[in-house]
>>> print(open('model.csv').read())   # CSV, C-alpha atoms and all ligand atoms
chain,number,residue,atom,x,y,z
P,1,MET,CA,18.8,0.8,11.1
P,2,LYS,CA,20.8,-0.5,8.2
P,3,THR,CA,19.5,-3.4,6.1
P,4,ARG,CA,19.8,-4.5,2.5
P,5,ILE,CA,16.7,-2.3,1.9
P,6,THR,CA,18.3,0.9,3.2
P,7,GLU,CA,21.3,0.1,1.1
P,8,LEU,CA,19.3,-0.7,-2.0
P,9,LEU,CA,17.2,2.4,-1.9
P,10,GLY,CA,19.6,4.8,-0.3
P,11,VAL,CA,17.3,5.8,2.6
P,12,LYS,CA,17.7,6.2,6.4
P,13,TYR,CA,14.8,4.0,7.5
P,14,PRO,CA,13.7,0.6,5.9
P,15,ILE,CA,10.1,1.7,5.5
P,16,LEU,CA,7.9,2.1,2.4
P,17,GLN,CA,4.6,3.9,2.5
P,18,GLY,CA,1.9,1.8,0.8
P,19,GLY,CA,0.8,2.8,-2.7
P,20,MET,CA,-2.8,3.3,-1.8
P,21,ALA,CA,-4.9,4.1,-4.9
P,22,TRP,CA,-6.6,7.5,-4.9
P,23,ILE,CA,-4.8,8.3,-1.6
P,24,ALA,CA,-1.1,8.2,-2.0
P,25,GLU,CA,-0.2,11.4,-3.8
P,26,SER,CA,2.8,13.7,-3.9
P,27,THR,CA,2.2,15.5,-0.6
P,28,LEU,CA,2.1,12.3,1.5
P,29,ALA,CA,4.8,10.6,-0.5
P,30,SER,CA,7.3,13.5,-0.3
P,31,ALA,CA,6.6,13.8,3.5
P,32,VAL,CA,7.5,10.2,3.9
P,33,SER,CA,10.6,10.5,1.7
P,34,ASN,CA,11.8,13.7,3.5
P,35,ALA,CA,11.4,11.8,6.8
P,36,GLY,CA,13.9,9.1,5.6
P,37,GLY,CA,11.4,6.5,4.3
P,38,VAL,CA,10.3,5.7,0.8
P,39,GLY,CA,7.2,7.6,-0.2
P,40,ILE,CA,5.1,6.0,-2.9
P,41,ILE,CA,2.7,7.7,-5.3
P,42,ALA,CA,-0.2,5.5,-6.3
P,43,GLY,CA,-0.8,5.1,-10.0
P,44,GLY,CA,-4.1,3.4,-9.3
P,45,SER,CA,-6.3,3.9,-12.4
P,46,ALA,CA,-5.4,7.6,-12.6
P,47,PRO,CA,-5.2,9.3,-16.0
P,48,ILE,CA,-1.6,9.5,-17.3
P,49,ASP,CA,-1.5,13.4,-17.0
P,50,TYR,CA,-2.5,13.3,-13.4
P,51,LEU,CA,0.3,10.8,-12.5
P,52,ARG,CA,2.9,12.7,-14.5
P,53,ASP,CA,1.9,15.8,-12.6
P,54,GLN,CA,2.2,14.0,-9.3
P,55,ILE,CA,5.6,12.6,-10.1
P,56,ARG,CA,6.9,16.1,-11.1
P,57,ARG,CA,5.4,17.7,-7.9
P,58,CYS,CA,7.1,15.0,-5.8
P,59,LYS,CA,10.4,15.8,-7.4
P,60,GLU,CA,9.9,19.4,-6.5
P,61,LEU,CA,9.0,18.6,-2.9
P,62,THR,CA,11.8,16.2,-2.1
P,63,ASP,CA,15.3,15.4,-3.4
P,64,LYS,CA,15.1,12.0,-1.7
P,65,PRO,CA,14.2,8.7,-3.3
P,66,PHE,CA,10.5,8.0,-3.9
P,67,GLY,CA,8.5,5.5,-5.9
P,68,VAL,CA,5.3,4.8,-7.9
P,69,ASN,CA,2.9,1.9,-7.4
P,70,ILE,CA,1.5,0.4,-10.6
P,71,MET,CA,-1.9,-1.3,-9.9
P,72,LEU,CA,-1.9,-4.0,-12.4
P,73,MET,CA,-5.7,-4.3,-12.7
P,74,SER,CA,-5.9,-0.8,-13.9
P,75,PRO,CA,-7.1,-0.5,-17.5
P,76,ASN,CA,-4.3,2.0,-18.2
P,77,ALA,CA,-1.5,0.0,-16.5
P,78,GLU,CA,0.4,-0.2,-19.8
P,79,ASP,CA,0.5,3.6,-20.2
P,80,LEU,CA,1.4,4.2,-16.6
P,81,ALA,CA,4.2,1.5,-16.9
P,82,GLN,CA,5.7,3.5,-19.7
P,83,LEU,CA,5.3,6.8,-17.9
P,84,VAL,CA,7.4,5.8,-15.0
P,85,ILE,CA,10.2,4.9,-17.4
P,86,ASP,CA,9.9,8.3,-19.2
P,87,GLU,CA,9.8,10.2,-15.9
P,88,LYS,CA,12.9,8.2,-14.6
P,89,VAL,CA,11.2,7.1,-11.4
P,90,PRO,CA,13.8,5.2,-9.4
P,91,VAL,CA,11.5,2.7,-7.6
P,92,ILE,CA,8.4,0.9,-8.6
P,93,THR,CA,6.1,-1.3,-6.5
P,94,THR,CA,3.3,-3.3,-8.1
P,95,GLY,CA,0.0,-4.7,-6.8
P,96,ALA,CA,-3.0,-6.7,-7.7
P,97,GLY,CA,-1.3,-8.9,-10.3
P,98,ASN,CA,1.8,-10.3,-11.8
P,99,PRO,CA,4.0,-7.6,-13.4
P,100,GLY,CA,5.9,-10.1,-15.5
P,101,LYS,CA,5.3,-8.5,-18.9
P,102,PHE,CA,6.6,-5.1,-17.7
P,103,MET,CA,9.7,-6.3,-15.9
P,104,GLU,CA,12.2,-6.3,-18.8
P,105,GLY,CA,11.3,-2.7,-19.8
P,106,TRP,CA,11.6,-1.4,-16.2
P,107,LEU,CA,14.9,-3.3,-15.5
P,108,ASN,CA,16.4,-2.0,-18.8
P,109,ALA,CA,15.6,1.5,-17.6
P,110,GLY,CA,17.5,0.9,-14.4
P,111,ILE,CA,14.4,0.9,-12.2
P,112,LYS,CA,14.3,-1.0,-8.9
P,113,VAL,CA,11.2,-3.1,-9.0
P,114,ILE,CA,9.6,-4.3,-5.8
P,115,PRO,CA,6.4,-6.3,-6.4
P,116,VAL,CA,3.8,-6.8,-3.7
P,117,ILE,CA,3.1,-10.5,-3.5
P,118,PRO,CA,0.6,-12.6,-1.5
P,119,SER,CA,2.3,-16.0,-1.9
P,120,VAL,CA,5.7,-17.8,-1.9
P,121,ALA,CA,5.1,-19.0,-5.5
P,122,LEU,CA,4.8,-15.4,-6.8
P,123,ALA,CA,7.8,-14.3,-4.7
P,124,LYS,CA,10.0,-16.9,-6.4
P,125,ARG,CA,8.7,-15.9,-9.9
P,126,MET,CA,9.4,-12.3,-9.2
P,127,GLU,CA,13.0,-13.1,-8.0
P,128,ARG,CA,13.6,-15.0,-11.2
P,129,ALA,CA,12.2,-12.1,-13.2
P,130,GLY,CA,14.7,-9.7,-11.6
P,131,ALA,CA,12.9,-8.0,-8.7
P,132,ALA,CA,15.2,-6.1,-6.4
P,133,ALA,CA,13.1,-7.1,-3.4
P,134,VAL,CA,9.5,-8.2,-2.6
P,135,VAL,CA,6.8,-6.9,-0.3
P,136,ALA,CA,5.2,-9.9,1.4
P,137,GLU,CA,1.7,-8.6,2.2
P,138,GLY,CA,-0.5,-10.4,4.7
P,139,THR,CA,-4.3,-10.5,4.6
P,140,GLU,CA,-4.4,-8.0,7.5
P,141,SER,CA,-3.7,-5.3,5.0
P,142,GLY,CA,-6.3,-2.8,3.7
P,143,GLY,CA,-7.6,-2.9,0.2
P,144,HIS,CA,-7.2,-5.9,-2.2
P,145,ILE,CA,-5.8,-8.8,-0.2
P,146,GLY,CA,-4.5,-12.3,-0.4
P,147,GLU,CA,-5.3,-15.2,1.9
P,148,ASN,CA,-2.3,-15.8,4.1
P,149,THR,CA,-1.4,-13.8,7.2
P,150,THR,CA,1.7,-11.6,7.7
P,151,MET,CA,2.9,-13.9,10.5
P,152,CYS,CA,2.7,-17.0,8.3
P,153,LEU,CA,3.7,-15.5,4.9
P,154,VAL,CA,6.8,-13.4,5.8
P,155,PRO,CA,9.0,-16.2,7.2
P,156,GLN,CA,8.0,-18.6,4.3
P,157,VAL,CA,8.9,-16.0,1.7
P,158,VAL,CA,12.1,-15.2,3.5
P,159,ASP,CA,13.1,-18.9,3.4
P,160,ALA,CA,12.1,-19.1,-0.3
P,161,VAL,CA,14.0,-16.2,-1.9
P,162,ASP,CA,17.5,-14.6,-1.6
P,163,ILE,CA,16.4,-11.0,-2.3
P,164,PRO,CA,15.3,-8.9,0.7
P,165,VAL,CA,11.8,-9.2,1.9
P,166,ILE,CA,9.6,-6.3,3.1
P,167,ALA,CA,6.7,-7.2,5.5
P,168,ALA,CA,3.3,-5.6,5.1
P,169,GLY,CA,-0.1,-6.1,6.7
P,170,GLY,CA,-1.0,-5.3,10.3
P,171,ILE,CA,2.1,-3.2,11.1
P,172,ALA,CA,1.5,0.2,12.7
P,173,ASP,CA,4.1,0.7,15.5
P,174,GLY,CA,7.6,-0.2,16.6
P,175,ARG,CA,6.4,-3.6,17.9
P,176,GLY,CA,5.2,-4.6,14.5
P,177,ILE,CA,8.4,-3.5,12.9
P,178,ALA,CA,10.5,-5.4,15.5
P,179,ALA,CA,8.3,-8.5,15.0
P,180,SER,CA,8.7,-8.2,11.2
P,181,PHE,CA,12.5,-8.2,11.6
P,182,MET,CA,12.3,-11.2,13.9
P,183,LEU,CA,10.4,-13.0,11.0
P,184,GLY,CA,13.4,-12.2,8.7
P,185,ALA,CA,12.1,-9.1,6.9
P,186,GLU,CA,14.6,-6.4,6.2
P,187,GLY,CA,12.0,-3.6,5.8
P,188,VAL,CA,8.3,-2.8,6.3
P,189,GLN,CA,5.5,-1.3,4.2
P,190,LEU,CA,2.7,0.6,6.0
P,191,GLY,CA,-0.4,1.9,4.5
P,192,THR,CA,-3.1,2.3,7.2
P,193,ARG,CA,-0.8,4.1,9.7
P,194,PHE,CA,-0.2,6.8,7.0
P,195,LEU,CA,-3.9,7.4,6.5
P,196,ALA,CA,-3.7,9.2,9.8
P,197,ALA,CA,-0.6,11.2,8.8
P,198,GLU,CA,-1.2,15.0,8.8
P,199,GLU,CA,0.0,15.2,5.2
P,200,CYS,CA,-2.5,12.5,4.0
P,201,GLN,CA,-5.0,14.3,1.8
P,202,ILE,CA,-8.0,12.1,2.4
P,203,HIS,CA,-11.4,13.5,3.4
P,204,PRO,CA,-11.6,14.3,7.2
P,205,THR,CA,-14.4,11.8,7.6
P,206,TYR,CA,-12.1,9.0,6.3
P,207,LYS,CA,-9.3,10.0,8.7
P,208,GLN,CA,-11.8,10.1,11.6
P,209,LEU,CA,-13.1,6.6,10.8
P,210,VAL,CA,-9.6,5.3,11.0
P,211,VAL,CA,-8.8,7.1,14.3
P,212,ASP,CA,-12.2,6.0,15.8
P,213,ALA,CA,-11.9,2.3,14.6
P,214,LYS,CA,-11.6,-0.4,17.2
P,215,ASP,CA,-10.1,-3.8,16.8
P,216,THR,CA,-13.2,-5.4,15.3
P,217,ASP,CA,-14.0,-2.5,12.9
P,218,SER,CA,-12.5,-3.9,9.6
P,219,ILE,CA,-14.5,-6.1,7.2
P,220,VAL,CA,-13.6,-8.1,4.1
P,221,THR,CA,-16.1,-8.0,1.2
P,222,GLY,CA,-16.0,-9.2,-2.4
P,223,ARG,CA,-14.5,-12.6,-1.9
P,224,TYR,CA,-17.0,-14.0,-4.4
P,225,THR,CA,-15.9,-11.5,-7.1
P,226,GLY,CA,-12.3,-12.8,-6.8
P,227,HIS,CA,-11.2,-9.4,-5.5
P,228,PRO,CA,-11.6,-9.5,-1.7
P,229,CYS,CA,-11.1,-6.1,-0.2
P,230,ARG,CA,-10.7,-5.0,3.4
P,231,SER,CA,-12.3,-1.7,4.6
P,232,VAL,CA,-13.8,0.0,7.6
P,233,LYS,CA,-17.1,-1.4,8.8
P,234,THR,CA,-19.7,1.1,7.8
P,235,LYS,CA,-23.4,0.7,6.9
P,236,PHE,CA,-22.4,0.5,3.3
P,237,SER,CA,-19.7,-2.2,3.7
P,238,LYS,CA,-22.0,-4.2,6.1
P,239,ARG,CA,-24.8,-4.1,3.5
P,240,LEU,CA,-22.4,-5.4,0.8
P,241,ALA,CA,-21.2,-8.2,3.2
P,242,SER,CA,-24.8,-9.3,3.9
P,243,GLY,CA,-25.8,-9.1,0.3
P,244,GLU,CA,-22.8,-11.2,-0.6
P,245,SER,CA,-23.6,-13.9,2.1
P,246,ASN,CA,-27.3,-14.1,1.6
P,247,GLY,CA,-27.3,-13.9,-2.2
P,248,THR,CA,-29.3,-10.7,-2.6
P,249,ILE,CA,-26.4,-9.0,-4.4
P,250,THR,CA,-25.0,-10.8,-7.3
P,251,PRO,CA,-21.2,-10.6,-8.0
P,252,GLU,CA,-22.1,-8.4,-11.1
P,253,GLN,CA,-24.2,-6.1,-9.0
P,254,PHE,CA,-21.4,-6.0,-6.4
P,255,GLU,CA,-18.9,-4.8,-9.0
P,256,GLU,CA,-21.4,-2.2,-10.2
P,257,ILE,CA,-22.2,-0.9,-6.7
P,258,THR,CA,-18.5,-0.6,-5.7
P,259,LEU,CA,-17.3,0.9,-9.0
P,260,GLY,CA,-16.0,4.4,-8.0
P,261,SER,CA,-16.6,3.8,-4.3
P,262,LEU,CA,-13.0,4.4,-3.3
P,263,ARG,CA,-13.1,7.8,-4.9
P,264,LYS,CA,-16.3,8.6,-3.1
P,265,ALA,CA,-14.7,7.7,0.2
P,266,VAL,CA,-11.4,9.6,-0.3
P,267,GLN,CA,-12.7,12.7,-1.9
P,268,ASP,CA,-16.3,13.1,-0.6
P,269,GLY,CA,-16.2,11.2,2.7
P,270,ASN,CA,-19.4,9.6,1.4
P,271,LEU,CA,-20.6,7.2,4.1
P,272,ASP,CA,-23.5,5.9,2.0
P,273,GLU,CA,-21.6,4.9,-1.1
P,274,GLY,CA,-17.9,5.0,-0.3
P,275,SER,CA,-15.4,2.2,0.4
P,276,PHE,CA,-13.1,3.3,3.2
P,277,LEU,CA,-10.2,0.9,2.7
P,278,CYS,CA,-8.1,0.2,5.8
P,279,GLY,CA,-6.1,-2.6,7.4
P,280,ALA,CA,-7.1,-4.7,10.4
P,281,ILE,CA,-4.6,-2.7,12.5
P,282,ALA,CA,-6.8,0.5,12.3
P,283,GLY,CA,-8.0,-0.1,15.9
P,284,MET,CA,-4.5,0.7,17.1
P,285,ILE,CA,-4.3,4.1,15.4
P,286,ASN,CA,-5.6,6.8,17.6
P,287,GLU,CA,-3.8,9.9,16.6
P,288,VAL,CA,-3.2,12.1,13.6
P,289,LYS,CA,0.4,13.3,13.4
P,290,PRO,CA,3.1,14.3,10.9
P,291,ALA,CA,4.6,11.4,8.9
P,292,LYS,CA,8.1,12.4,10.3
P,293,ASP,CA,6.9,11.8,13.9
P,294,ILE,CA,5.2,8.6,13.0
P,295,ILE,CA,8.4,7.2,11.4
P,296,GLU,CA,10.8,8.4,14.0
P,297,GLU,CA,8.7,7.2,17.0
P,298,MET,CA,8.1,3.8,15.4
P,299,PHE,CA,11.8,3.2,14.7
P,300,ALA,CA,12.9,4.5,18.1
P,301,GLN,CA,10.5,1.9,19.7
P,302,ALA,CA,11.6,-0.9,17.3
P,303,GLU,CA,15.3,-0.2,17.9
P,304,LYS,CA,14.8,-0.4,21.7
P,305,LEU,CA,12.9,-3.6,21.4
P,306,LEU,CA,15.6,-5.1,19.1
P,307,GLY,CA,18.2,-4.1,21.6
P,308,ARG,CA,20.2,-1.9,19.1
T,1,LIG,O1,-2.9,-4.2,-4.6
T,1,LIG,C1,-3.0,-4.2,-3.4
T,1,LIG,N1,-4.0,-3.5,-2.7
T,1,LIG,C2,-5.0,-2.8,-3.4
T,1,LIG,S1,-5.1,-2.5,-5.0
T,1,LIG,C3,-6.5,-1.7,-4.8
T,1,LIG,S2,-7.4,-1.0,-6.1
T,1,LIG,C4,-8.4,-2.3,-6.6
T,1,LIG,N2,-9.7,-2.0,-6.9
T,1,LIG,C5,-10.5,-2.9,-7.2
T,1,LIG,C6,-10.2,-4.3,-7.3
T,1,LIG,C7,-8.9,-4.6,-7.0
T,1,LIG,C8,-8.0,-3.6,-6.6
T,1,LIG,C9,-6.8,-1.6,-3.5
T,1,LIG,N3,-6.0,-2.3,-2.7
T,1,LIG,N4,-2.2,-4.9,-2.6
T,1,LIG,C10,-1.1,-5.7,-3.2
T,1,LIG,C11,-1.7,-7.0,-3.5
T,1,LIG,N5,-1.3,-7.6,-4.6
T,1,LIG,N6,-2.6,-7.7,-2.8
T,1,LIG,C12,-2.8,-8.9,-3.5
T,1,LIG,C13,-2.0,-8.8,-4.6
T,1,LIG,C14,-1.8,-9.8,-5.6
T,1,LIG,C15,-2.8,-10.7,-6.0
T,1,LIG,C16,-2.6,-11.6,-7.0
T,1,LIG,C17,-0.6,-9.8,-6.3
T,1,LIG,C18,-0.4,-10.7,-7.3
T,1,LIG,C19,-1.4,-11.5,-7.7
T,1,LIG,O2,-1.0,-12.4,-8.7
T,1,LIG,C20,-2.0,-13.2,-9.3
T,1,LIG,C21,-1.3,-13.7,-10.5
T,1,LIG,O3,-1.7,-13.2,-11.6
T,1,LIG,O4,-0.5,-14.6,-10.4
>>> encode(input="model.csv", output="structure tokens")
Amino acid sequence: MKTRITELLGVKYPILQGGMAWIAESTLASAVSNAGGVGIIAGGSAPIDYLRDQIRRCKELTDKPFGVNIMLMSPNAEDLAQLVIDEKVPVITTGAGNPGKFMEGWLNAGIKVIPVIPSVALAKRMERAGAAAVVAEGTESGGHIGENTTMCLVPQVVDAVDIPVIAAGGIADGRGIAASFMLGAEGVQLGTRFLAAEECQIHPTYKQLVVDAKDTDSIVTGRYTGHPCRSVKTKFSKRLASGESNGTITPEQFEEITLGSLRKAVQDGNLDEGSFLCGAIAGMINEVKPAKDIIEEMFAQAEKLLGR
């Protein structure tokens, strides 16, 4: 399936793995890259030595292209932004902010920059700033989200920019990929589907929550903090949601309670204090399998649907 994304990145399939903070490390990223997609290591708010180590491990595990996601709300975004230059990472995705101030440095280093954007306005700004492509991410996604849906956002971004558009949010099989292509996207980014990849290193409790989730099992919390986040419905996330709506948890208390909650989910499988981020499509994911099988099966289905 050749598109401007496969050409730009030199890969077999036009698929990026989401740069999920605390989750997307070198084992998962290299498995996706070895399968013909683009594996992404999450910078998150990791210490610089950890990310350097992960990048070097990924280089040992694959000779295929891979990328790093820079989460722009991270307190050490500046250091991580320099690290990816020093380590000659070929592709960067960004999230949770406008990467404008880093663009010149990255472009001068020959890095292909692919910002994740939740709006047409930001897509246009990123194109002017030299982005190679954009990921248009709908509110169906897991984690920190914008307002617009994938179905509405992707075609509007496609109409607004000339660079290739990658669709994200609510995609987990060949039907979602085919639909994204019909909307004008030339690639897809999937996060939640890869939570249930064999190579994904999250706690078994987290993986099981994703596999067991049904259609109504994701919940958005934290709108009143300005950082809405989608996760699996658990006692913890439901308590946050009710505290937010009935005023018993202030925005400041919310930030305090959720600080470190993603790590508690990923590493400890802590159901009482962990935030198990996931997309609204989790209900469709019922099986853990290798990243290679996930990718090959999805693209076989998509190609059939698209009549190729
Ligand atoms: O970034 C994500 N998803 C994430 S980041 C994350 S870690 C986190 N932890 C606590 C608070 C916030 C994040 C978990 N999930 N997806 C990409 C994404 N980017 N979604 C929305 C945005 C975004 C939002 C505003 C991108 C740009 C933006 O720009 C605002 C501006 O400055 O113009």
>>> residues_near_ligand(input="model.csv", ligand="ligand LIG 1 (chain T)", cutoff="6 Å", atoms="all atoms listed in the file", output="NGL selection string")
:P and (21 or 71 or 95-98 or 116-118 or 143-146 or 227)
>>> closest_residue(input="model.csv", among="P:Pro75, P:Cys278, P:Leu306, P:Leu16", to="Cys229 (chain P)", atoms="only C-alpha atoms")
P:Cys278
>>> residues_around(input="model.csv", residues="Glu140 (chain P)", least_positions_apart="6", cutoff="8 Å", atoms="all atoms listed in the file", output="list in words")
Thr149, Thr150, Gly169, Gly170, Gly279, Ala280 and Ile281 of chain P
>>> closest_residue(input="model.csv", among="P:Lys238, P:Lys12, P:Lys214, P:Lys64", to="Ala282 (chain P)", atoms="only C-alpha atoms")
P:Lys214
>>> closest_residue(input="model.csv", among="P:Pro90, P:Gly43, P:Gly176, P:Gly130", to="Glu104 (chain P)", atoms="all atoms listed in the file")
P:Gly130
>>> residues_around(input="model.csv", residues="Pro115 (chain P)", least_positions_apart="6", cutoff="8 Å", atoms="all atoms listed in the file", output="VMD selection string")
chain P and resid 92 to 95 99 126 131 133 to 135
>>> closest_residue(input="model.csv", among="P:Glu273, P:Pro155, P:Gly243, P:Val232", to="Leu259 (chain P)", atoms="all atoms listed in the file")
P:Glu273
>>> closest_residue(input="model.csv", among="P:Asp272, P:Glu199, P:Asp173, P:Glu255", to="Glu296 (chain P)", atoms="all atoms listed in the file")
P:Asp173
>>> atom_distance(input="model.csv", atom1="CA of Ile202 (chain P)", atom2="CA of Ile23 (chain P)")
6.4 Å
>>> closest_residue(input="model.csv", among="P:Leu72, P:Leu195, P:Phe102, P:His203", to="Ala172 (chain P)", atoms="all atoms listed in the file")
P:Leu195
>>> residues_around(input="model.csv", residues="Trp106 (chain P)", least_positions_apart="3", cutoff="9 Å", atoms="all atoms listed in the file", output="VMD selection string")
chain P and resid 81 to 82 84 to 85 92 102 to 103 109 to 113
>>> atom_distance(input="model.csv", atom1="CA of Ala136 (chain P)", atom2="CA of Ile166 (chain P)")
5.9 Å
>>> residues_around(input="model.csv", residues="Ile294 (chain P)", least_positions_apart="6", cutoff="9 Å", atoms="all atoms listed in the file", output="ChimeraX atom specification")
/P:173,193-194,197
>>> residues_around(input="model.csv", residues="Ser45 (chain P)", least_positions_apart="5", cutoff="9 Å", atoms="all atoms listed in the file", output="VMD selection string")
chain P and resid 21 to 22 70 to 71 73 to 77 80
>>> atom_distance(input="model.csv", atom1="CA of Ile257 (chain P)", atom2="CA of Phe236 (chain P)")
10.1 Å
>>> decode(input="model.csv", residues="region 144-152 of chain P", atoms="all heavy atoms", output="compact mmCIF listing (two decimals), in the first residue's frame")
# COMPACT_ATOMS: atom_id res chain seq x y z
N HIS P 144 -4.54 12.21 26.39
CA HIS P 144 -4.86 13.64 26.28
C HIS P 144 -5.51 13.90 24.92
O HIS P 144 -4.91 13.58 23.89
CB HIS P 144 -3.56 14.43 26.44
CG HIS P 144 -3.73 15.91 26.32
ND1 HIS P 144 -4.67 16.61 27.04
CD2 HIS P 144 -3.07 16.81 25.57
CE1 HIS P 144 -4.58 17.88 26.73
NE2 HIS P 144 -3.60 18.04 25.85
N ILE P 145 -6.69 14.48 24.91
CA ILE P 145 -7.46 14.56 23.65
C ILE P 145 -7.96 15.97 23.36
O ILE P 145 -8.16 16.78 24.25
CB ILE P 145 -8.68 13.60 23.68
CG1 ILE P 145 -9.44 13.76 24.99
CG2 ILE P 145 -8.24 12.18 23.42
CD1 ILE P 145 -10.75 12.99 25.05
N GLY P 146 -8.23 16.21 22.06
CA GLY P 146 -8.92 17.41 21.62
C GLY P 146 -10.41 17.15 21.58
O GLY P 146 -10.90 16.13 22.08
N GLU P 147 -11.15 18.08 20.93
CA GLU P 147 -12.62 18.02 20.96
C GLU P 147 -13.22 17.33 19.74
O GLU P 147 -14.25 16.69 19.83
CB GLU P 147 -13.19 19.45 21.03
CG GLU P 147 -12.96 20.17 22.33
CD GLU P 147 -13.77 19.59 23.49
OE1 GLU P 147 -14.78 18.91 23.24
OE2 GLU P 147 -13.36 19.79 24.64
N ASN P 148 -12.59 17.51 18.58
CA ASN P 148 -13.26 17.05 17.35
C ASN P 148 -13.04 15.55 17.11
O ASN P 148 -12.05 14.98 17.55
CB ASN P 148 -12.75 17.86 16.15
CG ASN P 148 -13.84 18.07 15.11
OD1 ASN P 148 -14.85 17.36 15.09
ND2 ASN P 148 -13.63 19.02 14.23
N THR P 149 -13.98 14.94 16.39
CA THR P 149 -13.89 13.50 16.13
C THR P 149 -13.02 13.23 14.91
O THR P 149 -12.83 14.10 14.06
CB THR P 149 -15.29 12.92 15.85
OG1 THR P 149 -15.80 13.56 14.67
CG2 THR P 149 -16.23 13.15 17.02
N THR P 150 -12.54 12.02 14.83
CA THR P 150 -11.72 11.61 13.68
C THR P 150 -12.48 11.81 12.36
O THR P 150 -11.95 12.36 11.40
CB THR P 150 -11.31 10.13 13.85
OG1 THR P 150 -10.65 9.99 15.11
CG2 THR P 150 -10.38 9.68 12.74
N MET P 151 -13.74 11.38 12.35
CA MET P 151 -14.56 11.47 11.14
C MET P 151 -14.70 12.91 10.65
O MET P 151 -14.72 13.17 9.46
CB MET P 151 -15.95 10.87 11.43
CG MET P 151 -16.89 10.89 10.25
SD MET P 151 -16.59 9.52 9.16
CE MET P 151 -17.94 8.47 9.62
N CYS P 152 -14.81 13.87 11.58
CA CYS P 152 -14.98 15.28 11.19
C CYS P 152 -13.64 15.97 10.96
O CYS P 152 -13.51 16.80 10.06
CB CYS P 152 -15.74 16.04 12.28
SG CYS P 152 -17.40 15.43 12.53
